[in-house]
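S.K.: My questions will all concern the structure given below.
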Amino acid sequence: MKKICLTVILFCLGVNTHVFSDDGSSLWLCQKNGENTNVTSYSESATVQIATEELQSSLKNFKVTLKQDFGASDKKEGYSIKFEKGNYIISSPSDAGLLYASYHLIRMNETGEINSDINIKESPSYDIRVLNHWDNPDGTIERGYAGESLWKWEELPGVVSERYQQYARANASIGINGTVLNNVNASPSILTSEYLEKVKVLADIFRPYGIKVYLSVNFATPMVIGNLKTADPLDNDVKIWWKKKADEIYSIIPDFGGFLVKANSEGQPGPCDYDRTHAQGANMLADALKPHGGIIMWRAFVYSPEDADRAKQAYNEFKPLDGKFNDNVIIQIKNGPIDFQPREPYSPLFGSMPSSKTMVEFQITQEYLGFSNHLVYLAPMWKEFFQFVPYNSLNAIAGVANTGSVENWCGHHFAQSNWYAFGRLAWNPELTSEEIAEEWIKQTFSKEKIFINPVRDFMMESREAAVNYMMPLGLHHIFAWGHHYGPEPWCEIEGARPDWMPSYYHNASQNGIGFDRSSQGSNAVSQYPTELKSLYDNLKTCPDEYLLWFHYVPWNHKMQSGNTLWKELCLRYNKGIETISKFYKVWEKQKEFIDQERFESVNSKLEIQLNDAIWWRDACLLYFSEFSGKPIPPEFEKPVYNLQKMKEFRLDITNFETPSTGYFE
Ligand code: BDP
């Protein structure tokens, strides 16, 4: 960690400025002002020791007592914090609860909320709050934009990076209690004895922080590393193989969490290869883990090119299996029916499997939201999901991680806020996005209102801005071939899967644009509960944000604003750009409140974001105007290039070069 604070020297010299450097590696846990804090505890466990050290190194002149109390919460990880006779009393049924409470107290101290009336009772909304790492054994990360994997597999088990503990600490501070270490496109080698010894090292480091380790598994593992002829879940040898593997895992890692499985999806093997159902596959694995207390998180992310509408497929395949899964299987469903688009309606599979356990999978890494180049605060997107899916109808929560080996963990300093927000919402989905943003800013950057307010406000607008400059009004998946970063609505690759082509989704023609999922079209709308179904099905009542998701709409269609669809589209793209350019100017004014290093890093990322926003607008509007037959109305900025030029541009995603729009010249 590099934190050379020159402020003091400059202050002595009479220079009132924050010229210090901060590489962001200490995340939201940068405060180290502890002094004279007295902690009394009932136990010497590793977890309680961590709690004690954290309190002592972060609080000044406190008296804290850590107590085990089974009445403090009806959930194991819950806790209470009270102030009595000059003493903060922290009670919980478990050591992990005491650790969470300690972080809570530190957070309150940092955000200025602490007082002597404090009387808090907390318990997590979900017992399972996991990060999913899409990390490969070779150190690469699928959809990772922050360097290499945190796990140095080639060095483990002998060499132990200090980052492992820092990672555990960061997660514990926000209540995350599980981590799936490897990619859902799983390499069978993760279950070899050699790898399990490496996994054990990580599990041992994470355990005192209350974090369990889980692994993604490849369904064909018994064939690849076990030399079996089949992976058929009903085959006896296969069952025995998995049971033995489970026994081996638990003999090494007694509190191992369980498996995450991507089966029969995007070329991965699965039970359907043997004419078995997802339930038969999941239950076979569940049986193997059951005696050890492990669980299976079975993903519902399935779609095949043969079926008409990709948005319908998970529901069609999984709903009939409701009630057929064992009680230690949880169906892990992405928030939307397609794939982590900037905006999707919620997946109608939620609420459709009342006799099964279900969990949501959010994506923290910004695969479709500007990678680690764009500032997009995701809490509002996740809160939007919870408006449709009651959080207490779910059994667990997962987030695809955005962490990697770069100094600041997430690539963009503000991407840390998404890791933070995921943890906070996983603990308590009732928190507001504003509250979380404000907490995070205070701990990470500055406690000055003049900094907090405009930054928080922009964070709150940033997701809507991204939707506007990328894919407004329900457009989706119009990304360039080969990456999910920039626009390529014109992309057509001969022989490629049609459902991987932008035109499959936007359907632009002289007559209009959009995917008809109404009852006149693919009828995906019928998968929603009656009230929403009628709302979305009717062109007149369908909310603007989902319009082109559910309808194929004529260019002259009159929108709720009174504009034609074409004009509204132009307006939205420009609005997205305006929001970013406004914040770009606001950010310049924040220079004096934070360190130069992070100020400049964010500043240069904002330049890229603004450029990209213009690139998106120009590419999409120029292309769609060929179909609408209408020019871009004169009140809007003119595109920088012509369509031909935009089509010739090929993004080199290895260094994120974006076309120079000339905006900054
Ligand atoms: C898509 C990603 C792909 C993942 C897949 C999944 O593009 O890399 O493997 O989802 O979630 O979003 O399985």
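Just so we're on the same page: first chain in the structure tokens is A, next is B, and so on; residues restart at 1 for each chain, and ligands are numbered from 1 in the order they show up.
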Give the residues close to ligand 1, within 7 Å, counting only C-alpha atoms and all ligand atoms; write them as a PyMOL selection string.
M.R.: chain A and resi 142-143+184-185+262+301+339-340
S.K.: Would you save the residues of that selection, restricted to N, CA, C and O atoms, as a PDB file, in the first residue's frame?
M.R.:
ATOM      1  N   GLU A 142     -12.312 -14.253 -17.039  1.00  0.00           N
ATOM      2  CA  GLU A 142     -13.352 -14.035 -18.045  1.00  0.00           C
ATOM      3  C   GLU A 142     -14.141 -12.794 -17.623  1.00  0.00           C
ATOM      4  O   GLU A 142     -14.624 -12.697 -16.497  1.00  0.00           O
ATOM      5  N   ARG A 143     -14.231 -11.843 -18.547  1.00  0.00           N
ATOM      6  CA  ARG A 143     -14.933 -10.571 -18.281  1.00  0.00           C
ATOM      7  C   ARG A 143     -14.329  -9.819 -17.095  1.00  0.00           C
ATOM      8  O   ARG A 143     -15.043  -9.147 -16.340  1.00  0.00           O
ATOM      9  N   VAL A 184     -17.298 -20.007 -13.998  1.00  0.00           N
ATOM     10  CA  VAL A 184     -18.419 -20.929 -14.251  1.00  0.00           C
ATOM     11  C   VAL A 184     -18.148 -21.807 -15.474  1.00  0.00           C
ATOM     12  O   VAL A 184     -18.670 -22.917 -15.567  1.00  0.00           O
ATOM     13  N   ASN A 185     -17.358 -21.281 -16.413  1.00  0.00           N
ATOM     14  CA  ASN A 185     -16.866 -22.143 -17.497  1.00  0.00           C
ATOM     15  C   ASN A 185     -15.661 -22.855 -16.893  1.00  0.00           C
ATOM     16  O   ASN A 185     -14.522 -22.480 -17.098  1.00  0.00           O
ATOM     17  N   LYS A 262     -22.577 -24.404 -14.105  1.00  0.00           N
ATOM     18  CA  LYS A 262     -23.126 -23.943 -15.383  1.00  0.00           C
ATOM     19  C   LYS A 262     -23.186 -25.178 -16.264  1.00  0.00           C
ATOM     20  O   LYS A 262     -22.156 -25.723 -16.650  1.00  0.00           O
ATOM     21  N   PHE A 301     -28.924 -20.011 -16.467  1.00  0.00           N
ATOM     22  CA  PHE A 301     -28.536 -19.245 -17.655  1.00  0.00           C
ATOM     23  C   PHE A 301     -28.386 -20.202 -18.839  1.00  0.00           C
ATOM     24  O   PHE A 301     -27.316 -20.701 -19.129  1.00  0.00           O
ATOM     25  N   ASP A 339     -28.995 -11.208 -20.482  1.00  0.00           N
ATOM     26  CA  ASP A 339     -27.612 -11.320 -20.016  1.00  0.00           C
ATOM     27  C   ASP A 339     -27.023  -9.986 -19.560  1.00  0.00           C
ATOM     28  O   ASP A 339     -26.263  -9.381 -20.317  1.00  0.00           O
ATOM     29  N   PHE A 340     -27.302  -9.581 -18.362  1.00  0.00           N
ATOM     30  CA  PHE A 340     -26.606  -8.433 -17.755  1.00  0.00           C
ATOM     31  C   PHE A 340     -26.556  -7.185 -18.647  1.00  0.00           C
ATOM     32  O   PHE A 340     -25.548  -6.464 -18.675  1.00  0.00           O
TER      33      PHE A 340
END
S.K.: Near Asp307 in chain A, counting only C-alpha atoms, which residues have an atom at most 12 Å away, once you skip same-chain residues fewer than 2 positions from it, shown as a list in words?
M.R.: Val302, Tyr303, Ser304, Pro305, Asp309, Arg310, Ala311, Lys312, Gln313, Ala314, Asn316, Glu317, Arg497, Pro498, Asp499 and Ser522 of chain A
S.K.: Among range 286-334 of chain A, which ones does DSSP place in helix (DSSP H, G or I), written as a CSV table (one decimal) with all heavy atoms, in the first residue's frame?
M.R.:
chain,number,residue,atom,x,y,z
A,286,ALA,N,-26.1,-32.8,-5.5
A,286,ALA,CA,-26.6,-32.4,-4.1
A,286,ALA,C,-26.5,-33.5,-3.2
A,286,ALA,O,-26.1,-33.4,-2.0
A,286,ALA,CB,-28.0,-31.9,-4.3
A,287,ASP,N,-26.8,-34.7,-3.7
A,287,ASP,CA,-26.7,-35.9,-2.8
A,287,ASP,C,-25.2,-36.2,-2.3
A,287,ASP,O,-25.0,-36.6,-1.2
A,287,ASP,CB,-27.1,-37.2,-3.6
A,287,ASP,CG,-28.6,-37.3,-3.8
A,287,ASP,OD1,-29.3,-36.7,-2.9
A,287,ASP,OD2,-29.1,-38.0,-4.7
A,288,ALA,N,-24.3,-35.9,-3.2
A,288,ALA,CA,-22.9,-36.1,-2.8
A,288,ALA,C,-22.5,-35.1,-1.7
A,288,ALA,O,-21.7,-35.5,-0.9
A,288,ALA,CB,-22.0,-35.9,-4.1
A,289,LEU,N,-23.0,-33.9,-1.8
A,289,LEU,CA,-22.6,-32.9,-0.8
A,289,LEU,C,-23.4,-32.9,0.5
A,289,LEU,O,-23.0,-32.4,1.5
A,289,LEU,CB,-22.6,-31.5,-1.4
A,289,LEU,CG,-21.7,-31.2,-2.6
A,289,LEU,CD1,-21.6,-29.7,-2.9
A,289,LEU,CD2,-20.3,-31.8,-2.5
A,290,LYS,N,-24.6,-33.4,0.3
A,290,LYS,CA,-25.5,-33.3,1.5
A,290,LYS,C,-25.0,-33.8,2.8
A,290,LYS,O,-25.1,-33.1,3.8
A,290,LYS,CB,-26.8,-34.1,1.1
A,290,LYS,CG,-27.8,-34.2,2.2
A,290,LYS,CD,-28.8,-33.0,2.1
A,290,LYS,CE,-29.9,-33.1,3.1
A,290,LYS,NZ,-30.7,-31.9,3.2
A,291,PRO,N,-24.3,-35.0,2.9
A,291,PRO,CA,-23.9,-35.4,4.2
A,291,PRO,C,-22.9,-34.5,4.8
A,291,PRO,O,-22.7,-34.5,6.0
A,291,PRO,CB,-23.2,-36.8,3.9
A,291,PRO,CG,-23.5,-37.1,2.5
A,291,PRO,CD,-24.0,-35.9,1.8
A,292,HIS,N,-22.3,-33.6,4.0
A,292,HIS,CA,-21.3,-32.7,4.5
A,292,HIS,C,-21.8,-31.3,4.8
A,292,HIS,O,-21.1,-30.4,5.2
A,292,HIS,CB,-20.1,-32.6,3.6
A,292,HIS,CG,-19.5,-33.9,3.2
A,292,HIS,ND1,-18.6,-34.6,4.0
A,292,HIS,CD2,-19.7,-34.7,2.1
A,292,HIS,CE1,-18.3,-35.7,3.4
A,292,HIS,NE2,-18.9,-35.8,2.2
A,310,ARG,N,-34.6,-15.8,-27.2
A,310,ARG,CA,-33.6,-16.2,-26.1
A,310,ARG,C,-34.2,-15.8,-24.8
A,310,ARG,O,-33.9,-16.4,-23.8
A,310,ARG,CB,-32.3,-15.5,-26.4
A,310,ARG,CG,-31.3,-15.6,-25.4
A,310,ARG,CD,-30.0,-15.1,-25.8
A,310,ARG,NE,-29.1,-14.9,-24.6
A,310,ARG,CZ,-27.9,-14.5,-24.7
A,310,ARG,NH1,-27.4,-14.0,-25.8
A,310,ARG,NH2,-27.1,-14.4,-23.6
A,311,ALA,N,-34.9,-14.7,-24.8
A,311,ALA,CA,-35.5,-14.2,-23.5
A,311,ALA,C,-36.4,-15.1,-22.8
A,311,ALA,O,-36.7,-15.1,-21.6
A,311,ALA,CB,-36.1,-12.8,-23.7
A,312,LYS,N,-37.0,-16.1,-23.6
A,312,LYS,CA,-38.0,-17.0,-23.0
A,312,LYS,C,-37.4,-18.3,-22.5
A,312,LYS,O,-38.1,-19.1,-21.8
A,312,LYS,CB,-39.0,-17.4,-24.1
A,312,LYS,CG,-40.0,-16.3,-24.4
A,312,LYS,CD,-40.7,-16.5,-25.7
A,312,LYS,CE,-41.5,-17.8,-25.8
A,312,LYS,NZ,-42.2,-17.9,-27.1
A,313,GLN,N,-36.2,-18.6,-22.8
A,313,GLN,CA,-35.7,-20.0,-22.7
A,313,GLN,C,-35.5,-20.5,-21.3
A,313,GLN,O,-35.8,-21.6,-21.0
A,313,GLN,CB,-34.5,-20.2,-23.6
A,313,GLN,CG,-34.9,-20.0,-25.0
A,313,GLN,CD,-33.7,-20.1,-26.0
A,313,GLN,OE1,-32.7,-20.8,-25.6
A,313,GLN,NE2,-33.8,-19.4,-27.1
A,314,ALA,N,-34.9,-19.7,-20.4
A,314,ALA,CA,-34.6,-20.1,-19.0
A,314,ALA,C,-35.9,-20.5,-18.4
A,314,ALA,O,-36.1,-21.6,-17.7
A,314,ALA,CB,-33.9,-19.1,-18.2
A,315,TYR,N,-36.9,-19.7,-18.6
A,315,TYR,CA,-38.3,-19.9,-18.0
A,315,TYR,C,-38.8,-21.2,-18.5
A,315,TYR,O,-39.3,-22.1,-17.8
A,315,TYR,CB,-39.1,-18.7,-18.3
A,315,TYR,CG,-40.6,-18.8,-17.8
A,315,TYR,CD1,-41.0,-18.1,-16.7
A,315,TYR,CD2,-41.5,-19.5,-18.5
A,315,TYR,CE1,-42.3,-18.1,-16.3
A,315,TYR,CE2,-42.9,-19.5,-18.1
A,315,TYR,CZ,-43.2,-18.8,-17.0
A,315,TYR,OH,-44.5,-18.8,-16.6
A,316,ASN,N,-38.8,-21.3,-19.9
A,316,ASN,CA,-39.4,-22.5,-20.5
A,316,ASN,C,-38.7,-23.8,-20.0
A,316,ASN,O,-39.4,-24.8,-19.8
A,316,ASN,CB,-39.2,-22.5,-22.0
A,316,ASN,CG,-40.2,-21.5,-22.6
A,316,ASN,OD1,-41.1,-21.0,-21.9
A,316,ASN,ND2,-40.0,-21.1,-23.8
A,317,GLU,N,-37.4,-23.7,-19.8
A,317,GLU,CA,-36.7,-25.0,-19.4
A,317,GLU,C,-36.8,-25.3,-17.9
A,317,GLU,O,-36.9,-26.4,-17.5
A,317,GLU,CB,-35.2,-24.8,-19.8
A,317,GLU,CG,-34.5,-26.1,-19.8
A,317,GLU,CD,-33.3,-26.1,-20.7
A,317,GLU,OE1,-33.2,-25.3,-21.7
A,317,GLU,OE2,-32.4,-27.0,-20.5
A,318,PHE,N,-36.8,-24.2,-17.1
A,318,PHE,CA,-36.7,-24.4,-15.6
A,318,PHE,C,-38.1,-24.5,-14.9
A,318,PHE,O,-38.3,-25.2,-13.9
A,318,PHE,CB,-35.8,-23.4,-14.9
A,318,PHE,CG,-34.4,-23.8,-15.0
A,318,PHE,CD1,-33.6,-23.6,-16.2
A,318,PHE,CD2,-33.8,-24.5,-13.9
A,318,PHE,CE1,-32.3,-24.1,-16.2
A,318,PHE,CE2,-32.5,-24.9,-14.0
A,318,PHE,CZ,-31.7,-24.7,-15.2
A,319,LYS,N,-39.1,-23.7,-15.4
A,319,LYS,CA,-40.3,-23.7,-14.7
A,319,LYS,C,-41.0,-25.1,-14.5
A,319,LYS,O,-41.4,-25.4,-13.4
A,319,LYS,CB,-41.3,-22.7,-15.3
A,319,LYS,CG,-42.6,-22.5,-14.5
A,319,LYS,CD,-43.5,-21.5,-15.1
A,319,LYS,CE,-45.0,-21.8,-14.6
A,319,LYS,NZ,-45.1,-21.8,-13.2
A,320,PRO,N,-40.9,-25.9,-15.6
A,320,PRO,CA,-41.5,-27.2,-15.4
A,320,PRO,C,-40.8,-28.1,-14.4
A,320,PRO,O,-41.4,-29.1,-13.9
A,320,PRO,CB,-41.4,-27.8,-16.8
A,320,PRO,CG,-41.2,-26.7,-17.7
A,320,PRO,CD,-40.5,-25.6,-16.9
A,321,LEU,N,-39.6,-27.7,-14.0
A,321,LEU,CA,-38.8,-28.5,-13.0
A,321,LEU,C,-39.1,-28.0,-11.6
A,321,LEU,O,-38.5,-28.6,-10.6
A,321,LEU,CB,-37.3,-28.4,-13.3
A,321,LEU,CG,-36.9,-28.9,-14.7
A,321,LEU,CD1,-35.4,-28.7,-14.9
A,321,LEU,CD2,-37.2,-30.4,-14.8
S.K.: Would you list, as a PyMOL selection string, the residues of range 257-365 of chain A that end up in strand (DSSP E or B) under DSSP run on this structure's backbone?
M.R.: chain A and resi 258-261+295-299+329-334+357-363
S.K.: Using only C-alpha atoms, can you tell me which of A:Ala524, A:Ala398, A:Leu571, A:Ile493 comes closest to Ala308 in chain A?
M.R.: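 Smallest separation from Ala308 in chain A among the options: A:Ala524.
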S.K.: Any idea what's packed within 12 Å of Gln332 in chain A, counting only C-alpha atoms, ignoring anything in its chain fewer than 2 positions away? Could you give it as a PyMOL selection string?
M.R.: chain A and resi 128+130+132+184+259-263+282+295-302+314+318+329-330+334-336+347+349-350+353+356-362+394-400
S.K.: Grab the residues selected above and save them as a CSV table (one decimal), in the first residue's frame with N, CA and C atoms.
M.R.:
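Output saved as out12.csv:
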chain,number,residue,atom,x,y,z
A,128,ILE,N,-26.6,-16.7,2.6
A,128,ILE,CA,-25.5,-16.9,1.6
A,128,ILE,C,-25.3,-15.7,0.8
A,130,VAL,N,-22.6,-14.4,-1.7
A,130,VAL,CA,-21.3,-14.8,-2.4
A,130,VAL,C,-20.9,-14.0,-3.5
A,132,ASN,N,-18.9,-14.4,-7.1
A,132,ASN,CA,-18.5,-15.4,-8.1
A,132,ASN,C,-17.4,-14.8,-8.9
A,184,VAL,N,-17.3,-20.0,-14.0
A,184,VAL,CA,-18.4,-20.9,-14.3
A,184,VAL,C,-18.1,-21.8,-15.5
A,259,PHE,N,-20.9,-26.3,-4.6
A,259,PHE,CA,-20.5,-26.2,-6.0
A,259,PHE,C,-21.5,-25.2,-6.7
A,260,LEU,N,-20.9,-24.5,-7.6
A,260,LEU,CA,-21.7,-23.6,-8.6
A,260,LEU,C,-21.6,-24.3,-9.9
A,261,VAL,N,-22.7,-24.5,-10.6
A,261,VAL,CA,-22.7,-25.2,-11.9
A,261,VAL,C,-23.3,-24.5,-13.0
A,262,LYS,N,-22.6,-24.4,-14.1
A,262,LYS,CA,-23.1,-23.9,-15.4
A,262,LYS,C,-23.2,-25.2,-16.3
A,263,ALA,N,-24.4,-25.7,-16.5
A,263,ALA,CA,-24.5,-26.9,-17.3
A,263,ALA,C,-25.4,-26.7,-18.5
A,282,ALA,N,-28.5,-31.7,-11.0
A,282,ALA,CA,-28.3,-31.0,-9.8
A,282,ALA,C,-28.4,-31.9,-8.5
A,295,ILE,N,-23.9,-27.1,-0.5
A,295,ILE,CA,-25.0,-26.8,-1.4
A,295,ILE,C,-24.6,-26.8,-2.8
A,296,ILE,N,-25.6,-26.8,-3.7
A,296,ILE,CA,-25.4,-26.7,-5.1
A,296,ILE,C,-26.1,-25.4,-5.6
A,297,MET,N,-25.3,-24.5,-6.2
A,297,MET,CA,-26.0,-23.4,-6.9
A,297,MET,C,-26.0,-23.7,-8.4
A,298,TRP,N,-27.2,-24.0,-8.8
A,298,TRP,CA,-27.3,-24.5,-10.2
A,298,TRP,C,-27.8,-23.3,-11.1
A,299,ARG,N,-27.1,-23.0,-12.1
A,299,ARG,CA,-27.4,-21.8,-12.9
A,299,ARG,C,-28.5,-22.0,-13.9
A,300,ALA,N,-29.4,-21.0,-14.0
A,300,ALA,CA,-30.5,-21.1,-15.0
A,300,ALA,C,-30.2,-20.3,-16.3
A,301,PHE,N,-28.9,-20.0,-16.5
A,301,PHE,CA,-28.5,-19.2,-17.7
A,301,PHE,C,-28.4,-20.2,-18.8
A,302,VAL,N,-29.5,-20.5,-19.5
A,302,VAL,CA,-29.5,-21.5,-20.6
A,302,VAL,C,-30.2,-20.8,-21.8
A,314,ALA,N,-34.9,-19.7,-20.4
A,314,ALA,CA,-34.6,-20.1,-19.0
A,314,ALA,C,-35.9,-20.5,-18.4
A,318,PHE,N,-36.8,-24.2,-17.1
A,318,PHE,CA,-36.7,-24.4,-15.6
A,318,PHE,C,-38.1,-24.5,-14.9
A,329,VAL,N,-30.3,-27.5,-3.1
A,329,VAL,CA,-30.0,-26.9,-4.4
A,329,VAL,C,-30.7,-25.6,-4.5
A,330,ILE,N,-29.9,-24.6,-4.9
A,330,ILE,CA,-30.5,-23.3,-5.2
A,330,ILE,C,-30.4,-22.9,-6.6
A,334,LYS,N,-29.9,-15.1,-13.3
A,334,LYS,CA,-29.4,-13.7,-13.6
A,334,LYS,C,-30.6,-12.8,-13.4
A,335,ASN,N,-30.3,-11.5,-13.1
A,335,ASN,CA,-31.4,-10.6,-12.8
A,335,ASN,C,-32.3,-10.4,-14.0
A,336,GLY,N,-31.8,-10.4,-15.2
A,336,GLY,CA,-32.6,-10.2,-16.4
A,336,GLY,C,-32.7,-11.5,-17.2
A,347,SER,N,-36.0,-11.1,-14.7
A,347,SER,CA,-36.3,-12.4,-15.3
A,347,SER,C,-37.6,-12.9,-14.7
A,349,LEU,N,-38.5,-15.8,-14.5
A,349,LEU,CA,-38.3,-17.0,-13.7
A,349,LEU,C,-38.5,-16.8,-12.2
A,350,PHE,N,-38.1,-15.6,-11.8
A,350,PHE,CA,-38.3,-15.3,-10.4
A,350,PHE,C,-39.8,-15.3,-10.1
A,353,MET,N,-41.0,-20.2,-9.6
A,353,MET,CA,-40.6,-21.6,-9.1
A,353,MET,C,-40.8,-21.6,-7.6
A,356,SER,N,-39.2,-24.1,-5.2
A,356,SER,CA,-37.7,-24.4,-5.3
A,356,SER,C,-37.0,-23.2,-4.7
A,357,LYS,N,-35.8,-23.4,-4.3
A,357,LYS,CA,-35.0,-22.3,-3.7
A,357,LYS,C,-34.4,-21.6,-4.9
A,358,THR,N,-34.4,-20.2,-4.8
A,358,THR,CA,-33.9,-19.5,-5.9
A,358,THR,C,-33.0,-18.4,-5.4
A,359,MET,N,-32.0,-17.9,-6.2
A,359,MET,CA,-31.2,-16.8,-5.8
A,359,MET,C,-30.9,-16.0,-7.0
A,360,VAL,N,-30.5,-14.7,-6.8
A,360,VAL,CA,-30.2,-13.8,-7.9
A,360,VAL,C,-28.7,-13.8,-8.2
A,361,GLU,N,-28.4,-13.7,-9.4
A,361,GLU,CA,-27.0,-13.4,-9.8
A,361,GLU,C,-26.9,-12.0,-10.4
A,362,PHE,N,-26.2,-11.1,-9.7
A,362,PHE,CA,-26.0,-9.8,-10.3
A,362,PHE,C,-24.6,-9.8,-10.9
A,394,LEU,N,-36.2,-14.6,-2.1
A,394,LEU,CA,-35.0,-15.3,-2.5
A,394,LEU,C,-34.3,-15.9,-1.4
A,395,ASN,N,-33.5,-16.9,-1.7
A,395,ASN,CA,-32.8,-17.7,-0.6
A,395,ASN,C,-31.3,-17.3,-0.5
A,396,ALA,N,-30.7,-16.6,-1.5
A,396,ALA,CA,-29.3,-16.3,-1.4
A,396,ALA,C,-29.1,-15.2,-2.5
A,397,ILE,N,-27.8,-14.7,-2.6
A,397,ILE,CA,-27.5,-13.7,-3.5
A,397,ILE,C,-26.0,-13.8,-3.9
A,398,ALA,N,-25.8,-13.6,-5.3
A,398,ALA,CA,-24.4,-13.8,-5.8
A,398,ALA,C,-24.1,-12.6,-6.7
A,399,GLY,N,-22.9,-12.2,-6.7
A,399,GLY,CA,-22.4,-11.1,-7.6
A,399,GLY,C,-21.2,-11.5,-8.3
A,400,VAL,N,-21.1,-11.3,-9.6
A,400,VAL,CA,-19.9,-11.7,-10.4
A,400,VAL,C,-18.9,-10.6,-10.1
S.K.: Skip range 71-85 of chain A itself and residues of its chain fewer than 6 positions away, then list as a PyMOL selection string all residues within 12 Å of it, counting only C-alpha atoms.
M.R.: chain A and resi 62-65+91-106+108+114-129+172+175-177+209-211+427-428
S.K.: Considering only C-alpha atoms, return as an MDAnalysis selection string whatever protein or nucleic-acid residues lie within 8 Å of range 229-239 of chain A, sequence-local ones (same chain, fewer than 5 positions apart) excluded.
M.R.: chainID A and resid 219:223 271 273:274 276 280:281 284:285 288
S.K.: For Glu344 in chain A, which residue out of A:Phe256, A:Phe550, A:Trp440, A:Tyr485 is the nearest one, using only C-alpha atoms?
M.R.: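 Among the listed residues, A:Phe550 lies closest to Glu344 in chain A.
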S.K.: Can you pull out the residues contacting Lys638 in chain A? Cut-off 12 Å, using only C-alpha atoms, and skip same-chain residues under 6 positions away; I want them as a list in words.
M.R.: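 The residues that qualify are Cys570, Asn574, Ile614, Trp615, Arg617, Asp618, Ala619, Leu621, Leu622, Pro631, Ile632, Thr661 and Tyr663 of chain A.
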S.K.: Take the residues from that selection and put them in a file with N, CA and C atoms, as an mmCIF file, in the first residue's frame.
M.R.:
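What follows is the written file part.cif:
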data_model
loop_
_atom_site.group_PDB
_atom_site.id
_atom_site.type_symbol
_atom_site.label_atom_id
_atom_site.label_comp_id
_atom_site.auth_asym_id
_atom_site.auth_seq_id
_atom_site.Cartn_x
_atom_site.Cartn_y
_atom_site.Cartn_z
ATOM 1 N N CYS A 570 -32.943 10.036 -30.435
ATOM 2 C CA CYS A 570 -31.862 11.036 -30.566
ATOM 3 C C CYS A 570 -31.691 11.781 -29.245
ATOM 4 N N ASN A 574 -28.328 11.785 -26.632
ATOM 5 C CA ASN A 574 -27.673 13.054 -26.286
ATOM 6 C C ASN A 574 -27.743 13.348 -24.795
ATOM 7 N N ILE A 614 -19.966 9.361 -26.926
ATOM 8 C CA ILE A 614 -20.162 10.005 -28.232
ATOM 9 C C ILE A 614 -20.066 8.971 -29.356
ATOM 10 N N TRP A 615 -19.128 8.071 -29.179
ATOM 11 C CA TRP A 615 -18.965 6.973 -30.146
ATOM 12 C C TRP A 615 -20.257 6.158 -30.238
ATOM 13 N N ARG A 617 -23.313 7.090 -29.442
ATOM 14 C CA ARG A 617 -24.392 7.883 -30.044
ATOM 15 C C ARG A 617 -24.228 7.967 -31.556
ATOM 16 N N ASP A 618 -23.025 8.326 -31.970
ATOM 17 C CA ASP A 618 -22.818 8.530 -33.403
ATOM 18 C C ASP A 618 -23.053 7.236 -34.173
ATOM 19 N N ALA A 619 -22.489 6.135 -33.639
ATOM 20 C CA ALA A 619 -22.629 4.851 -34.342
ATOM 21 C C ALA A 619 -24.103 4.465 -34.448
ATOM 22 N N LEU A 621 -26.972 6.291 -33.878
ATOM 23 C CA LEU A 621 -27.901 7.194 -34.565
ATOM 24 C C LEU A 621 -27.632 7.227 -36.074
ATOM 25 N N LEU A 622 -26.371 7.235 -36.471
ATOM 26 C CA LEU A 622 -26.086 7.247 -37.913
ATOM 27 C C LEU A 622 -26.627 5.979 -38.571
ATOM 28 N N PRO A 631 -33.118 12.517 -40.729
ATOM 29 C CA PRO A 631 -31.824 12.993 -40.234
ATOM 30 C C PRO A 631 -31.876 13.214 -38.718
ATOM 31 N N ILE A 632 -30.717 13.412 -38.133
ATOM 32 C CA ILE A 632 -30.671 13.765 -36.715
ATOM 33 C C ILE A 632 -31.171 15.204 -36.597
ATOM 34 N N THR A 661 -12.939 11.309 -31.139
ATOM 35 C CA THR A 661 -14.075 12.051 -31.672
ATOM 36 C C THR A 661 -13.726 13.516 -31.830
ATOM 37 N N TYR A 663 -13.554 15.521 -29.509
ATOM 38 C CA TYR A 663 -14.325 16.272 -28.521
ATOM 39 C C TYR A 663 -13.445 17.119 -27.623
#
S.K.: Using only C-alpha atoms, tabulate the residues of range 323-413 of chain A lying at most 8 Å from any atom of range 465-470 of chain A, each with its closest atom pair and that distance in Å to one decimal, by chain and increasing residue number, as a tab-separated table.
M.R.:
residue	atom	partner	partner_atom	distance
A:Pro342	CA	A:Val467	CA	5.6
A:Arg343	CA	A:Val467	CA	6.6
A:Leu369	CA	A:Ala466	CA	7.1
A:Val376	CA	A:Ala466	CA	7.0
S.K.: Go ahead and dump the residues you just picked, N, CA, C and O atoms, as a tab-separated table (two decimals), in the first residue's frame.
M.R.:
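Saved the output as again-v9.tsv:
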chain	number	residue	atom	x	y	z
A	342	PRO	N	-27.41	-3.32	-19.92
A	342	PRO	CA	-27.54	-2.11	-19.09
A	342	PRO	C	-28.93	-1.96	-18.48
A	342	PRO	O	-29.08	-1.52	-17.36
A	343	ARG	N	-29.94	-2.33	-19.23
A	343	ARG	CA	-31.27	-2.43	-18.61
A	343	ARG	C	-32.03	-3.61	-19.21
A	343	ARG	O	-32.15	-3.74	-20.42
A	369	LEU	N	-21.12	-2.66	-19.41
A	369	LEU	CA	-21.28	-1.28	-18.95
A	369	LEU	C	-19.95	-0.54	-18.90
A	369	LEU	O	-19.61	0.13	-17.93
A	376	VAL	N	-19.99	3.76	-13.63
A	376	VAL	CA	-21.41	3.40	-13.58
A	376	VAL	C	-21.66	2.76	-12.21
A	376	VAL	O	-21.18	1.65	-11.94
